[in-house]
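Working notes for the structure below.
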Amino acid sequence: MMFRFFGSDIFRGSVYGRGHPLNIARVWPVIDICRALGWLAADEYQQIAPATPKELHLFHTPDYVAALLEAEKQQELSAAQMQRHRIGLDNNPIFPQVYSRPATAAAASMRGAKALLSGEAQIVFNPSGGTHHGMPDRANGFCFVNDPALAILSLLRGGAGRVAYIDIDAHHADGVEAHLSGLPQVRLWSVHEENRWPRTGKAGDVGQGNARNYTLARGADDTALLKIINQHIVPEVSEFGPEFIILQAGCDGLADDPQSGLCYSNRGYWQAVEQILALKTPSMILGGGGYNPYSTARAWAGIWGLIKGKNPYQTKANADVQKILSSLEWQHRRAQNRPARWTEQLFDETG
Ligand SMILES: [Zn+2]
C-alpha cells in the first residue's frame with residue numbers, strides 16, 4: 001500500500017486576519033506532529049504549488065477565478081465584484097494569499113485524484129482540503145475554492161465511473177451537493193448538525209437526486225455518529241460499490257471545537273474514519289472545519305496515523321510533539337484553561 005500526504009509551506013505563513021475563526025494554525029502542526037512521531041516518511045510527503053486559473057475552471061467560473069487573482073494582487077475589489085462574488089464580505093476576507101492559499105489546497109486535491117487514478121497511491125491525505133461550501137461563482141462559508149468538487153470532477157475526467165463522497169464535517173456540504181449531486185457517476189453522503197448554518201441538507205433531502213443527508217441533534221456524541229456511519233452510510237456506500245471514495249473529515253463536530261454543538265471525542269471521530277478505510281477502496285481523505293487548533297492538529301495527525309496503521313488511541317505526545325502543541329496560539333476563551341490532553345496526548349479521555 002502506498003500513501004501520499006500533500007501539503008505546502010504556504011500554510012505556515014498566511015492568515016485570514018485578526019478575529020477570524022480560521023486565523024489559527026491548522027495544517028503545519030499536523031505535518032510537524034506526524035514527522036515528530038516518525039509517522040511521515042520523506043517519500044510520502046509531497047509539496048504542492050497553487051493550481052492555475054485554468055485548472056480551477058473545472059468547477060469555478062472564469063470571472064470568479066479572475067476576481068480572486070485580482071483580490072490577491074490589489075488587496076481590494078470593486079463593490080460590484082465583492083457583491084457578486086462575496087469576496088471581502090460574509091467572513092470571506094481579502095488576505096495576502098486569498099488566491100494562492102485556496103488554490104494550493106485545490107491543487108493538492110486534484111493531484112490526489114491523479115495519484116488515485118494512476119494507482120501511484122491507494123490512500124491520499126490533504127488536510128488543507130475539504131472546503132465544501134465554495135460555489136462556482138462565489139465564496140461561501142470561509143471557502144474560496146471548492147476542492148472536494150474539483151477532486152470529484154478530476155476523478156470523473158480521468159475516467160472514474162463511480163465516486164462516493166462522504167462528509168462528516170459538522171456543517172452540510174452545500175457547495176458539493178448543489179452542483180454535483182445530479183451526476184449519475186456520483187453519490188454523496190453527509191452527516192452534520194441539524195439547524196446549523198448553512199441550514200441545507202435536511203434529513204432525507206437528496207439534492208439533485210444522488211445525495212443522502214443524515215442530521216444529528218445538538219449534543220450528539222460518538223455513539224450517535226457511529227450509529228449513522230455503521231447502520232446507514234457504510235452499508236449504502238458498500239452497495240454503491242465505488243471505485244474511489246473522497247472523505248471530507250472536518251473535525252468541527254468534536255466537543256472541544258467552538259463552531260458546532262456536536263460532542264464527538266476524537267476516538268469516535270477516528271472510529272468513523274476507520275470504518276471508511278475498512279471499505280478497502282482507493283480513498284482521498286480531506287480536512288475541512290476545525291477551529292480549535294489543539295483538537296484539529298491532534299485529530300488530523302491521528303488520521304494519518306490510522307492510514308499508516310499506527311494507534312493514535314494510545315499515542316502520548318513525546319517532547320517534540322508537546323513542544324509543537326504548546327506553541328499553538330488561540331485567542332479564544334476556551335484556551336484560558338487548557339486541558340492537559342490538548343498538549344500531552346493525541347487522544348481524548350476514554351469515556
Ligand atoms: Zn464545518
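A note on labels: chains of the C-alpha cells are A, B, ... as shown, every chain counts residues from 1, and ligands are counted from 1 in their shown order.
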
Nearby residues, ligand 1, 7 Å, only C-alpha atoms and all ligand atoms, as a VMD selection string: chain A and resid 169 to 171 250 252 288 to 290

| task | Just list the residues in region 161-251 of chain A DSSP gives helix (DSSP H, G or I) on the backbone, as a ChimeraX atom specification. | result | /A:174-180,222-240

Considering only C-alpha atoms, give me a table of residues in region 229-258 of chain A that are at most 10 Å from region 131-154 of chain A, with the closest atom pair and distance in Å for each, as a tab-separated table.
```
residue	atom	partner	partner_atom	distance
A:Phe244	CA	A:Ile152	CA	9.3
A:Ile245	CA	A:Ile152	CA	9.2
A:Ile246	CA	A:Pro148	CA	7.6
A:Leu247	CA	A:Pro148	CA	8.9
A:Gln248	CA	A:Pro148	CA	7.7
A:Gly250	CA	A:Thr131	CA	9.1
```

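Distances here use only C-alpha atoms; by that measure, the residue among A:Asp221, A:Glu243, A:Glu177, A:Asp205 closest to Ala164 (chain A) is A:Glu243.
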
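Distance annotation: of A:Gly305, A:Gly19, A:Pro29, A:Gly268, the residue with the minimal separation from Ile168 (chain A) is A:Gly268; atom set is only C-alpha atoms.
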
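For the residues A:Arg101, A:His172, A:Arg162, A:His85, ranking by smallest atom-to-atom distance to Thr281 (chain A) using only C-alpha atoms places A:Arg162 first.
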
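Taking CA of Ala51 (chain A) and CA of Ser100 (chain A) as the two end points, the separation is 7.9 Å.
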
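You will find CA of Gly309 (chain A) at 11.9 Å from CA of Leu40 (chain A).
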
- Please identify all polymer residues within 12 Å of Leu328 (chain A), counting only C-alpha atoms, omitting same-chain residues fewer than 4 positions from it, and present them as a PyMOL selection string. chain A and resi 12+23-30+292-298+321-324+335+338+342-343

Can I get the selection written as a short mmCIF file (atom, residue, chain, number, x, y, z; two decimals), in the first residue's frame, with N, CA and C atoms?
```
data_model
loop_
_atom_site.label_atom_id
_atom_site.label_comp_id
_atom_site.auth_asym_id
_atom_site.auth_seq_id
_atom_site.Cartn_x
_atom_site.Cartn_y
_atom_site.Cartn_z
N ARG A 12 2.10 27.62 6.40
CA ARG A 12 2.83 28.04 7.60
C ARG A 12 2.68 29.52 7.87
N ASN A 23 -8.13 32.01 11.73
CA ASN A 23 -6.83 32.62 11.99
C ASN A 23 -6.07 31.79 13.03
N ILE A 24 -5.94 30.51 12.74
CA ILE A 24 -5.22 29.58 13.62
C ILE A 24 -4.37 28.66 12.75
N ALA A 25 -3.35 28.07 13.35
CA ALA A 25 -2.52 27.09 12.63
C ALA A 25 -3.30 25.78 12.51
N ARG A 26 -3.40 25.24 11.30
CA ARG A 26 -4.20 24.02 11.10
C ARG A 26 -3.46 22.93 10.34
N VAL A 27 -2.66 23.31 9.36
CA VAL A 27 -2.04 22.27 8.52
C VAL A 27 -0.61 21.96 8.96
N TRP A 28 0.20 23.01 9.19
CA TRP A 28 1.60 22.71 9.53
C TRP A 28 1.76 21.93 10.82
N PRO A 29 0.92 22.15 11.86
CA PRO A 29 1.12 21.32 13.06
C PRO A 29 0.88 19.83 12.77
N VAL A 30 -0.05 19.53 11.85
CA VAL A 30 -0.30 18.12 11.51
C VAL A 30 0.95 17.51 10.88
N ASN A 292 -10.49 24.71 16.67
CA ASN A 292 -9.66 24.67 17.87
C ASN A 292 -8.33 24.10 17.41
N PRO A 293 -7.25 24.89 17.43
CA PRO A 293 -6.00 24.41 16.83
C PRO A 293 -5.45 23.15 17.52
N TYR A 294 -5.69 23.00 18.81
CA TYR A 294 -5.17 21.82 19.54
C TYR A 294 -5.93 20.57 19.11
N SER A 295 -7.27 20.65 19.09
CA SER A 295 -8.03 19.44 18.76
C SER A 295 -7.92 19.12 17.27
N THR A 296 -7.78 20.15 16.43
CA THR A 296 -7.66 19.91 14.99
C THR A 296 -6.34 19.21 14.67
N ALA A 297 -5.25 19.72 15.22
CA ALA A 297 -3.93 19.11 14.95
C ALA A 297 -3.90 17.66 15.40
N ARG A 298 -4.47 17.39 16.58
CA ARG A 298 -4.43 16.02 17.12
C ARG A 298 -5.35 15.10 16.31
N VAL A 321 6.49 16.64 20.15
CA VAL A 321 5.07 16.87 19.87
C VAL A 321 4.49 17.84 20.91
N GLN A 322 4.89 17.66 22.17
CA GLN A 322 4.42 18.60 23.21
C GLN A 322 4.84 20.03 22.90
N LYS A 323 6.06 20.15 22.36
CA LYS A 323 6.56 21.48 22.03
C LYS A 323 5.72 22.11 20.91
N ILE A 324 5.40 21.30 19.89
CA ILE A 324 4.59 21.80 18.76
C ILE A 324 3.20 22.22 19.28
N ALA A 335 -9.30 28.66 25.53
CA ALA A 335 -7.87 28.39 25.65
C ALA A 335 -7.32 28.88 26.98
N ARG A 338 -6.37 25.52 29.50
CA ARG A 338 -6.07 24.50 28.50
C ARG A 338 -5.99 23.13 29.18
N TRP A 342 -4.78 18.48 25.56
CA TRP A 342 -4.54 19.25 24.35
C TRP A 342 -3.06 19.30 23.97
N THR A 343 -2.19 19.11 24.94
CA THR A 343 -0.74 19.19 24.62
C THR A 343 0.01 17.91 24.97
#
```

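The closest residue to Met1 (chain A), picked from A:Pro53, A:Asp348, A:Pro282, A:Ala224 and counting only C-alpha atoms, is A:Pro282.
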